>>> print(open('run05.txt').read())   # compact mmCIF, C-alpha atoms
# COMPACT_ATOMS: atom_id res chain seq x y z
CA MET A 25 180.71 -77.60 -61.11
CA LYS A 26 180.32 -73.89 -61.63
CA LEU A 27 181.67 -71.14 -59.46
CA LEU A 28 179.39 -68.11 -59.63
CA ARG A 29 179.80 -64.69 -58.13
CA MET A 30 177.10 -62.14 -57.50
CA LYS A 31 178.09 -58.78 -58.93
CA PRO A 32 176.45 -55.37 -58.58
CA GLY A 33 175.07 -54.07 -61.83
CA HIS A 34 175.44 -57.42 -63.53
CA GLY A 35 173.91 -60.35 -61.67
CA GLU A 36 175.98 -63.47 -61.35
CA ILE A 37 179.09 -64.12 -63.40
CA VAL A 38 180.75 -67.47 -63.99
CA LEU A 39 184.20 -67.47 -62.41
CA ALA A 40 185.17 -70.99 -63.31
CA GLU A 41 183.59 -74.15 -64.54
CA GLY A 42 184.94 -77.66 -64.59
CA ASP A 43 184.69 -81.28 -63.65
CA VAL A 44 186.01 -82.05 -60.18
CA ASP A 45 186.97 -85.53 -61.34
CA VAL A 46 189.46 -84.08 -63.82
CA PRO A 47 192.57 -83.06 -61.83
CA GLU A 48 193.50 -80.05 -63.96
CA GLN A 49 189.98 -78.68 -63.89
CA GLU A 50 189.66 -79.35 -60.18
CA GLN A 51 192.87 -77.43 -59.59
CA ALA A 52 191.52 -74.48 -61.57
CA LEU A 53 188.34 -74.58 -59.51
CA ILE A 54 190.32 -74.69 -56.27
CA GLU A 55 192.41 -71.70 -57.31
CA ALA A 56 189.37 -69.68 -58.31
CA PHE A 57 187.69 -70.68 -55.04
CA ARG A 58 190.67 -69.50 -52.97
CA ARG A 59 190.92 -66.26 -54.90
CA GLU A 60 187.35 -65.37 -54.03
CA LEU A 61 187.72 -66.27 -50.37
CA ASP A 62 190.89 -64.19 -50.23
CA THR A 63 188.94 -61.17 -51.43
CA GLY A 64 186.58 -61.63 -48.52
CA MET A 65 183.65 -63.29 -50.23
CA TRP A 66 181.40 -65.88 -48.63
CA ALA A 67 180.76 -69.12 -50.48
CA ALA A 68 177.44 -70.94 -50.36
CA VAL A 69 176.38 -74.19 -51.91
CA PRO A 70 172.68 -74.55 -52.72
CA THR A 71 171.54 -78.04 -51.84
CA HIS A 72 168.48 -80.00 -52.72
CA SER A 73 167.65 -83.57 -52.00
CA PRO A 74 164.50 -85.20 -53.37
CA GLY A 75 161.54 -84.87 -51.02
CA SER A 76 163.11 -82.13 -48.94
CA ARG A 77 163.21 -78.37 -49.01
CA ARG A 78 165.94 -76.54 -50.80
CA GLU A 79 168.65 -75.32 -48.49
CA ALA A 80 172.14 -73.88 -48.61
CA GLU A 81 175.34 -74.30 -46.69
CA LEU A 82 178.22 -71.93 -46.22
CA VAL A 83 181.63 -73.42 -46.95
CA LYS A 84 185.03 -72.15 -45.97
CA SER A 85 187.22 -74.38 -48.09
CA PHE A 86 186.91 -76.26 -51.31
CA ALA A 87 187.14 -79.52 -49.40
CA GLU A 88 183.79 -78.72 -47.75
CA VAL A 89 182.04 -78.43 -51.08
CA PRO A 90 180.08 -81.62 -51.82
CA ARG A 91 181.62 -83.41 -54.79
CA ASP A 92 178.29 -83.55 -56.56
CA ALA A 93 177.48 -79.88 -56.06
CA GLU A 94 176.50 -78.13 -59.25
CA ARG A 95 177.18 -74.60 -58.13
CA VAL A 96 179.05 -72.61 -55.56
CA ILE A 97 177.81 -69.06 -55.21
CA PHE A 98 180.08 -66.33 -53.91
CA PHE A 99 178.65 -63.20 -52.44
CA PRO A 100 180.04 -60.31 -50.37
CA ARG A 101 180.27 -61.02 -46.68
CA ALA A 102 177.54 -59.69 -44.45
CA ALA A 103 178.07 -56.38 -42.75
CA GLY A 104 175.91 -54.95 -40.04
CA GLY A 105 173.84 -51.93 -40.84
CA ALA A 106 172.38 -50.69 -44.04
CA LEU A 107 173.87 -48.77 -46.86
CA GLU A 108 173.54 -45.02 -46.62
CA GLN A 109 171.25 -44.79 -49.62
CA ASP A 110 168.87 -47.31 -48.07
CA ARG A 111 167.97 -45.06 -45.21
CA MET B 1 206.04 5.19 -100.25
CA ALA B 2 205.00 1.59 -100.99
CA LEU B 3 207.50 0.31 -98.48
CA GLY B 4 206.09 2.60 -95.82
CA LEU B 5 202.51 1.56 -96.51
CA GLY B 6 203.48 -2.13 -96.48
CA THR B 7 205.23 -1.78 -93.17
CA ALA B 8 202.26 0.07 -91.71
CA ALA B 9 199.93 -2.67 -92.93
CA ILE B 10 202.06 -5.38 -91.37
CA LEU B 11 202.20 -3.48 -88.11
CA LEU B 12 198.45 -3.02 -88.17
CA VAL B 13 197.85 -6.74 -88.72
CA VAL B 14 200.22 -7.69 -85.91
CA LEU B 15 198.59 -5.17 -83.61
CA LEU B 16 195.11 -6.43 -84.39
CA TRP B 17 196.24 -10.04 -83.87
CA GLU B 18 197.69 -9.22 -80.48
CA LEU B 19 194.48 -7.47 -79.48
CA ALA B 20 192.19 -10.25 -80.69
CA ARG B 21 194.26 -13.23 -79.56
CA PRO B 22 192.89 -13.59 -75.98
CA THR B 23 189.31 -13.37 -77.18
CA LEU B 24 189.95 -15.83 -79.99
CA SER B 25 191.64 -18.33 -77.68
CA ARG B 26 188.75 -18.16 -75.18
CA ALA B 27 186.22 -18.67 -77.96
CA PHE B 28 188.20 -21.62 -79.33
CA ALA B 29 188.40 -23.22 -75.90
CA ARG B 30 184.65 -22.79 -75.42
CA VAL B 31 183.84 -24.36 -78.79
CA TYR B 32 186.21 -27.26 -78.06
CA ALA B 33 184.59 -27.87 -74.67
CA ILE B 34 181.10 -27.93 -76.19
CA TRP B 35 182.27 -30.30 -78.92
CA ALA B 36 183.88 -32.61 -76.34
CA LEU B 37 180.69 -32.65 -74.24
CA GLN B 38 178.54 -33.49 -77.25
CA ARG B 39 180.92 -36.23 -78.28
CA ARG B 40 180.89 -37.74 -74.79
CA ALA B 41 177.10 -37.63 -74.62
CA SER B 42 176.67 -39.43 -77.90
CA ALA B 43 179.29 -42.08 -77.18
CA PRO B 44 177.78 -45.58 -76.99
CA ALA B 45 180.03 -46.73 -74.13
CA GLY B 46 178.59 -44.54 -71.39
CA TYR B 47 175.66 -44.97 -69.07
CA ASP B 48 173.66 -48.06 -69.86
CA PRO B 49 170.07 -47.62 -68.72
CA GLY B 50 169.26 -51.31 -69.20
CA ARG B 51 172.09 -52.69 -67.13
CA GLU B 52 170.29 -52.76 -63.78
CA ARG B 53 167.26 -54.34 -65.35
CA ARG B 54 169.29 -57.08 -67.00
CA ALA B 55 171.17 -57.63 -63.76
CA GLU B 56 167.91 -58.01 -61.87
CA LEU B 57 166.59 -60.46 -64.45
CA ARG B 58 169.71 -62.60 -64.03
CA ALA B 59 169.41 -62.35 -60.26
CA ARG B 60 165.78 -63.43 -60.33
CA ALA B 61 166.65 -66.45 -62.44
CA LEU B 62 169.38 -67.42 -59.99
CA LEU B 63 167.10 -66.94 -56.99
CA ARG B 64 164.40 -69.01 -58.61
CA SER B 65 166.84 -71.84 -59.26
CA CYS B 66 167.96 -71.92 -55.63
CA ILE B 67 164.75 -71.75 -53.60
CA ASP B 68 161.59 -73.85 -53.43
CA GLU B 69 158.89 -73.22 -55.97
CA ARG B 70 156.55 -72.11 -53.19
CA ASP B 71 159.06 -69.60 -51.88
CA TRP B 72 159.67 -68.31 -55.37
CA ALA B 73 155.94 -67.82 -55.88
CA MET B 74 155.80 -65.95 -52.57
CA TYR B 75 158.58 -63.60 -53.63
CA ARG B 76 157.15 -63.13 -57.09
CA ASP B 77 153.67 -62.35 -55.80
CA LEU B 78 154.42 -60.50 -52.58
CA GLY B 79 157.91 -59.07 -52.98
CA PHE B 80 159.42 -60.73 -49.91
CA LEU B 81 160.39 -64.15 -48.57
CA ARG B 82 159.43 -65.76 -45.27
CA VAL B 83 162.00 -68.02 -43.61
CA TRP B 84 161.21 -70.00 -40.48
CA GLY B 85 163.52 -69.49 -37.53
CA ALA B 86 165.58 -72.48 -36.54
CA GLN B 87 166.91 -71.41 -33.16
CA GLY B 88 163.69 -71.21 -31.19
CA GLU B 89 161.87 -73.66 -28.95
CA HIS B 90 160.46 -75.52 -31.90
CA GLU B 91 162.28 -76.80 -34.91
CA GLY B 92 162.17 -74.74 -38.08
CA GLY B 93 159.05 -75.14 -40.14
CA MET B 94 155.53 -73.89 -39.90
CA HIS B 95 155.42 -74.48 -36.12
CA ALA B 96 158.58 -72.48 -35.50
CA SER B 97 158.30 -69.98 -32.67
CA TYR B 98 159.52 -67.16 -34.88
CA ALA B 99 160.20 -66.40 -38.52
CA TYR B 100 161.88 -63.79 -40.67
CA LEU B 101 160.72 -61.67 -43.54
CA ILE B 102 163.40 -60.99 -46.13
CA TYR B 103 163.06 -57.82 -48.17
CA PRO B 104 165.53 -56.66 -50.81
CA HIS B 105 167.93 -54.10 -49.37
CA LYS B 106 165.94 -53.81 -46.17
CA PRO B 107 166.51 -55.32 -42.74
CA LEU B 108 165.45 -58.84 -41.88
CA VAL B 109 162.33 -58.64 -39.76
CA ALA B 110 161.72 -61.25 -37.07
CA TYR B 111 158.15 -61.88 -35.97
CA VAL B 112 155.96 -64.42 -34.22
CA PRO B 113 153.97 -66.32 -36.83
CA GLN B 114 151.20 -67.32 -34.43
CA THR B 115 150.40 -63.79 -33.32
CA GLY B 116 152.00 -61.56 -35.93
CA ALA B 117 153.91 -59.72 -33.21
CA LEU B 118 156.98 -57.96 -34.54
CA LEU B 119 160.19 -58.80 -32.70
CA ASN B 120 163.24 -57.12 -34.19
CA GLU B 121 164.84 -55.67 -37.26
CA TYR B 122 168.24 -57.09 -38.18
CA CYS B 123 170.07 -54.62 -40.38
CA VAL B 124 172.44 -56.49 -42.62
CA ALA B 125 173.94 -55.69 -45.99
CA PHE B 126 176.23 -57.39 -48.48
CA PRO B 127 178.25 -54.52 -49.90
CA ASP B 128 180.62 -55.35 -52.73
CA LEU B 129 183.47 -52.97 -52.01
CA SER B 130 185.00 -53.50 -55.43
CA ARG B 131 182.09 -51.36 -56.70
CA PRO B 132 181.91 -52.51 -60.29
CA TYR B 133 179.89 -49.97 -62.26
CA GLY B 134 180.23 -47.60 -59.33
CA SER B 135 177.78 -49.22 -56.94
CA SER B 136 178.25 -51.65 -54.08
CA ARG B 137 174.62 -52.80 -54.12
CA LEU B 138 173.76 -56.23 -55.41
CA PRO B 139 170.65 -56.52 -57.57
CA ASP B 140 167.52 -56.86 -55.43
CA SER B 141 167.03 -60.58 -55.96
CA ASP B 142 170.72 -61.29 -55.34
CA ASP B 143 170.43 -59.45 -52.04
CA VAL B 144 167.43 -61.58 -51.13
CA LEU B 145 169.26 -64.75 -52.16
CA ALA B 146 172.34 -63.79 -50.16
CA LYS B 147 170.20 -63.21 -47.08
CA TRP B 148 168.30 -66.43 -47.65
CA MET B 149 171.46 -68.52 -48.04
CA ALA B 150 173.17 -66.95 -45.06
CA LEU B 151 170.06 -67.33 -42.92
CA ILE B 152 169.42 -70.92 -43.91
CA ALA B 153 173.06 -71.94 -43.61
CA ASP B 154 174.09 -70.09 -40.48
CA GLU B 155 171.31 -68.09 -38.88
CA ARG B 156 173.24 -67.49 -35.68
CA ARG B 157 176.22 -66.01 -37.52
CA LEU B 158 174.14 -63.75 -39.71
CA VAL B 159 172.16 -62.43 -36.78
CA ALA B 160 175.39 -61.87 -34.87
CA ASP B 161 176.80 -59.84 -37.78
CA ALA B 162 173.66 -57.75 -38.08
CA ASN B 163 172.72 -54.63 -36.16
CA MET B 164 169.60 -55.31 -34.17
CA HIS B 165 166.94 -52.67 -33.73
CA LEU B 166 163.40 -52.53 -32.52
CA PRO B 167 160.72 -52.79 -35.21
CA GLY B 168 160.02 -49.54 -37.01
CA ARG B 169 163.59 -48.33 -37.37
CA GLN B 170 163.65 -48.74 -41.14
CA ILE B 171 160.44 -50.45 -42.13
CA ASP B 172 157.09 -49.04 -41.20
CA PRO B 173 155.34 -51.45 -38.79
CA GLY B 174 152.06 -50.72 -40.52
CA ARG B 175 153.50 -51.91 -43.77
CA LEU B 176 154.82 -55.04 -42.05
CA ARG B 177 151.39 -55.82 -40.65
CA ARG B 178 149.85 -55.32 -44.05
CA ASP B 179 152.48 -57.61 -45.55
CA LEU B 180 151.77 -60.27 -42.93
CA ALA B 181 148.08 -60.01 -43.75
CA ARG B 182 148.89 -60.30 -47.45
CA LEU B 183 151.04 -63.33 -46.71
CA ALA B 184 148.27 -65.02 -44.71
CA ARG B 185 145.77 -64.34 -47.49
CA TRP B 186 148.24 -65.57 -50.11
CA GLU B 187 148.76 -68.82 -48.21
CA ARG B 188 145.04 -69.39 -47.76
CA GLU B 189 144.40 -68.80 -51.43
CA ARG B 190 147.26 -71.00 -52.48
CA ALA B 191 146.16 -73.83 -50.20
CA ALA B 192 142.62 -73.58 -51.52
CA ARG B 193 143.83 -73.44 -55.09
CA ASP B 194 146.12 -76.42 -54.62
CA ALA B 195 143.37 -78.45 -52.97
CA HIS B 196 140.83 -77.55 -55.62
CA GLY B 197 143.35 -78.08 -58.38
CA SER B 198 144.31 -81.52 -57.15
CA ASP B 199 140.63 -82.50 -57.10
CA LEU B 200 140.09 -81.34 -60.64
CA VAL B 201 143.33 -82.39 -62.23
CA ARG B 202 143.96 -86.03 -61.60
CA ALA B 203 144.86 -87.10 -65.08
CA PRO B 204 148.46 -85.85 -65.22
CA ARG B 205 150.86 -88.14 -63.46
CA GLY B 206 154.39 -87.92 -62.19
CA SER B 207 156.27 -84.72 -61.64
CA ASP B 208 153.98 -82.62 -63.82
CA ARG B 209 150.96 -83.24 -61.68
CA ALA B 210 151.50 -80.51 -59.15
CA GLY B 211 152.35 -78.02 -61.83
CA ALA B 212 149.25 -78.90 -63.83
CA ALA B 213 147.08 -78.52 -60.75
CA GLU B 214 148.62 -75.16 -60.03
CA ARG B 215 148.15 -74.02 -63.59
CA ALA B 216 144.54 -75.12 -63.51
CA GLY B 217 144.01 -73.17 -60.30
CA ALA B 218 145.70 -70.14 -61.77
CA ASP B 219 143.54 -70.35 -64.87
CA ARG B 220 140.41 -70.48 -62.76
CA LEU B 221 141.54 -67.47 -60.78
CA ALA B 222 142.35 -65.58 -63.93
CA GLY B 223 138.92 -66.26 -65.36
CA ASP B 224 137.05 -65.57 -62.16
CA PRO B 225 135.93 -61.97 -61.74
CA ALA B 226 135.86 -62.49 -57.99
CA GLY B 227 139.49 -63.44 -58.21
CA SER B 228 140.42 -59.84 -58.70
CA ASP B 229 140.36 -59.29 -54.98
CA ARG B 230 142.33 -62.39 -54.23
CA VAL B 231 145.98 -63.10 -53.95
CA GLY B 232 148.04 -60.04 -54.48
CA ALA B 233 145.56 -58.43 -56.83
CA PRO B 234 145.08 -55.21 -54.88
CA GLU B 235 148.83 -54.86 -54.52
CA ARG B 236 149.40 -55.26 -58.23
CA THR B 237 147.64 -52.02 -58.88
CA GLY B 238 148.18 -50.50 -55.50
CA SER B 239 150.90 -48.49 -53.92
CA ASP B 240 153.38 -51.25 -53.16
CA PRO B 241 156.08 -50.96 -55.79
CA ARG B 242 158.27 -53.73 -54.44
CA GLY B 243 156.20 -56.75 -55.08
CA ALA B 244 153.89 -57.78 -57.81
CA ASP B 245 154.30 -54.59 -59.77
CA ARG B 246 157.97 -55.15 -60.16
CA ALA B 247 157.54 -58.83 -60.89
CA ASP B 248 155.12 -58.06 -63.68
CA THR B 249 157.37 -55.41 -65.11
CA LEU B 250 160.36 -57.64 -65.15
CA HIS B 251 158.51 -60.50 -66.71
CA ALA B 252 156.91 -58.30 -69.32
>>> encode(input="run05.txt", output="structure tokens")
Amino acid sequence: MKLLRMKPGHGEIVLAEGDVDVPEQEQALIEAFRRELDTGMWAAVPTHSPGSRREAELVKSFAEVPRDAERVIFFPRAAGGALEQDR
Amino acid sequence: MALGLGTAAILLVVLLWELARPTLSRAFARVYAIWALQRRASAPAGYDPGRERRAELRARALLRSCIDERDWAMYRDLGFLRVWGAQGEHEGGMHASYAYLIYPHKPLVAYVPQTGALLNEYCVAFPDLSRPYGSSRLPDSDDVLAKWMALIADERRLVADANMHLPGRQIDPGRLRRDLARLARWERERAARDAHGSDLVRAPRGSDRAGAAERAGADRLAGDPAGSDRVGAPERTGSDPRGADRADTLHA
């Protein structure tokens, strides 16, 4: 599993990567996951099952992440309105 | 006599030094400032003009890996994504009672697919307040992906977080209607191409079949002079800088 974070001026960066079946690696993933949520990021898991459309789900804890998920993508939380330079 | 002349010479030098010192120090400061500016300008670790482009390329690759191939083709060709609404009378999908258009760094636009009527603009942004590299804006395709994921996963929450306005607040309604017309034309062309391609290309089997059919259709369009007024072609050379122009540039 990879934890990715969208970053202005860079694209996504890999925050952590590991096997959830290995306790030490899972712990590192959990810590990285919590760190991102603590900074106010949203976490989404892209999902895809054969024969269906690709979707995504927002997760609020590492326990909600499917064990077979390949990626969790963090992005800044939504804020109403547009940036000043967009107007 | 010699002692007197020596003393006078020393006094003269000291006097001249005292008179010239302010001018000399100003000149030295000016030369140092110019040297420092030139050094800063030629330093390799300053502004990187390729950073945004590389960021956008990464973002496009991530977006492509997360959404359906059809949606990716829509974004690549038209510059926006269409997402069916899931909260209306009908389930999400092509018979949904409303849908959204997702533009990079622009509001979500809700509309009625059956009539093309524009409903609302939902102004929403994903500002990264840590401002790496001095900007809080995600790359365009990351912004689109963030909106897509949030909309697909929790439409109600995203809409609740957004500021709702009537159409026309930020995006010109005329442009939206043109984009809806482009989308309709793109879907017609794609359906025709897929149908024609599947008739022609029956040999490939398995997972490569659809791709081969699509490639065959694309080849036909590329070789067909009449194809120049088909999907997205006018926009590629036209005035819309968001869509195909940018896609071509980035893939160049």
>>> interface_residues(input="run05.txt", of="chain A", to="chain B", cutoff="6 Å", atoms="only C-alpha atoms", output="NGL selection string")
:A and (32-35 or 78 or 80-82 or 100-106)
>>> residues_around(input="run05.txt", residues="His95 of chain B", least_positions_apart="6", cutoff="9 Å", atoms="only C-alpha atoms", output="list of chain:residue names")
B:Trp84, B:Pro113, B:Gln114
>>> atom_distance(input="run05.txt", atom1="atom CA of Val96 of chain A", atom2="atom CA of Val144 of chain B")
16.6 Å
>>> atom_distance(input="run05.txt", atom1="atom CA of Glu41 of chain A", atom2="atom CA of Met25 of chain A")
5.7 Å
>>> atom_distance(input="run05.txt", atom1="atom CA of Ala56 of chain A", atom2="atom CA of Pro104 of chain B")
28.2 Å
>>> axis_aligned_box(input="run05.txt", around="segment 35-38 of chain B", padding_each_side="8 Å", output="JSON")
{"center_x": 181.2, "center_y": -31.9, "center_z": -76.6, "size_x": 21.3, "size_y": 19.2, "size_z": 20.7}
>>> residues_around(input="run05.txt", residues="Leu39 of chain A", least_positions_apart="2", cutoff="9 Å", atoms="only C-alpha atoms", output="number ranges by chain")
A: 26-29, 37, 41, 53, 56-57
>>> write_last_selection(input="run05.txt", atoms="C-alpha atoms", output="short mmCIF file (atom, residue, chain, number, x, y, z; two decimals), keeping the file's coordinate frame")
data_model
loop_
_atom_site.label_atom_id
_atom_site.label_comp_id
_atom_site.auth_asym_id
_atom_site.auth_seq_id
_atom_site.Cartn_x
_atom_site.Cartn_y
_atom_site.Cartn_z
CA LYS A 26 180.32 -73.89 -61.63
CA LEU A 27 181.67 -71.14 -59.46
CA LEU A 28 179.39 -68.11 -59.63
CA ARG A 29 179.80 -64.69 -58.13
CA ILE A 37 179.09 -64.12 -63.40
CA GLU A 41 183.59 -74.15 -64.54
CA LEU A 53 188.34 -74.58 -59.51
CA ALA A 56 189.37 -69.68 -58.31
CA PHE A 57 187.69 -70.68 -55.04
#
>>> residues_around(input="run05.txt", residues="Val44 of chain A", least_positions_apart="3", cutoff="10 Å", atoms="only C-alpha atoms", output="number ranges by chain")
A: 25, 41, 47-54, 91-93
>>> closest_residue(input="run05.txt", among="A:Asp43, A:Val38, A:Phe98, A:Val89", to="Asp62 of chain A", atoms="only C-alpha atoms")
A:Phe98
>>> decode(input="run05.txt", residues="segment 27-103 of chain A", atoms="C-alpha atoms", output="tab-separated table (two decimals), in the first residue's frame")
chain	number	residue	atom	x	y	z
A	27	LEU	CA	0.19	6.68	0.87
A	28	LEU	CA	0.30	9.56	-1.60
A	29	ARG	CA	-0.21	13.24	-1.05
A	30	MET	CA	-1.08	15.84	-3.64
A	31	LYS	CA	1.28	18.77	-3.41
A	32	PRO	CA	1.19	22.16	-5.15
A	33	GLY	CA	4.06	22.64	-7.55
A	34	HIS	CA	5.01	18.99	-7.42
A	35	GLY	CA	2.18	16.56	-8.07
A	36	GLU	CA	1.83	13.63	-5.75
A	37	ILE	CA	4.56	12.56	-3.35
A	38	VAL	CA	4.89	9.18	-1.67
A	39	LEU	CA	4.51	9.59	2.08
A	40	ALA	CA	4.87	5.96	3.03
A	41	GLU	CA	4.82	2.59	1.42
A	42	GLY	CA	4.52	-0.82	2.98
A	43	ASP	CA	2.78	-4.13	3.34
A	44	VAL	CA	-0.18	-4.04	5.70
A	45	ASP	CA	0.43	-7.68	6.55
A	46	VAL	CA	3.82	-6.82	8.05
A	47	PRO	CA	3.17	-5.33	11.52
A	48	GLU	CA	6.08	-2.90	11.50
A	49	GLN	CA	5.22	-1.59	8.07
A	50	GLU	CA	1.54	-1.38	8.93
A	51	GLN	CA	2.42	0.67	12.00
A	52	ALA	CA	4.47	3.05	9.88
A	53	LEU	CA	1.56	3.40	7.48
A	54	ILE	CA	-0.84	4.08	10.34
A	55	GLU	CA	1.43	6.76	11.77
A	56	ALA	CA	1.84	8.46	8.41
A	57	PHE	CA	-1.92	8.24	7.88
A	58	ARG	CA	-2.65	9.90	11.23
A	59	ARG	CA	-0.08	12.60	10.62
A	60	GLU	CA	-1.80	13.62	7.41
A	61	LEU	CA	-5.26	13.61	8.94
A	62	ASP	CA	-3.95	15.71	11.82
A	63	THR	CA	-2.79	18.34	9.36
A	64	GLY	CA	-6.32	18.55	8.02
A	65	MET	CA	-6.01	16.50	4.86
A	66	TRP	CA	-8.76	14.33	3.42
A	67	ALA	CA	-7.96	10.74	2.54
A	68	ALA	CA	-9.50	8.96	-0.43
A	69	VAL	CA	-9.12	5.42	-1.63
A	70	PRO	CA	-9.59	4.84	-5.36
A	71	THR	CA	-11.53	1.64	-5.88
A	72	HIS	CA	-12.09	-0.51	-8.90
A	73	SER	CA	-13.80	-3.83	-9.17
A	74	PRO	CA	-13.88	-5.76	-12.44
A	75	GLY	CA	-16.90	-4.93	-14.57
A	76	SER	CA	-17.73	-1.76	-12.68
A	77	ARG	CA	-16.82	1.88	-12.92
A	78	ARG	CA	-13.90	3.28	-11.02
A	79	GLU	CA	-14.93	5.03	-7.86
A	80	ALA	CA	-13.42	6.44	-4.70
A	81	GLU	CA	-14.29	6.52	-1.05
A	82	LEU	CA	-13.31	8.97	1.63
A	83	VAL	CA	-11.90	7.40	4.78
A	84	LYS	CA	-11.46	8.90	8.20
A	85	SER	CA	-9.31	6.26	9.83
A	86	PHE	CA	-6.83	3.67	8.72
A	87	ALA	CA	-9.25	0.96	9.79
A	88	GLU	CA	-11.64	2.08	7.04
A	89	VAL	CA	-9.04	1.56	4.35
A	90	PRO	CA	-9.67	-1.74	2.54
A	91	ARG	CA	-6.83	-4.16	3.26
A	92	ASP	CA	-6.26	-4.74	-0.43
A	93	ALA	CA	-6.18	-1.07	-1.35
A	94	GLU	CA	-3.15	-0.13	-3.40
A	95	ARG	CA	-3.20	3.58	-2.70
A	96	VAL	CA	-4.56	6.13	-0.32
A	97	ILE	CA	-4.49	9.65	-1.69
A	98	PHE	CA	-4.39	12.64	0.63
A	99	PHE	CA	-5.51	16.01	-0.56
A	100	PRO	CA	-6.36	19.32	1.14
A	101	ARG	CA	-9.86	19.49	2.53
A	102	ALA	CA	-12.47	21.28	0.49
A	103	ALA	CA	-13.16	24.90	1.23
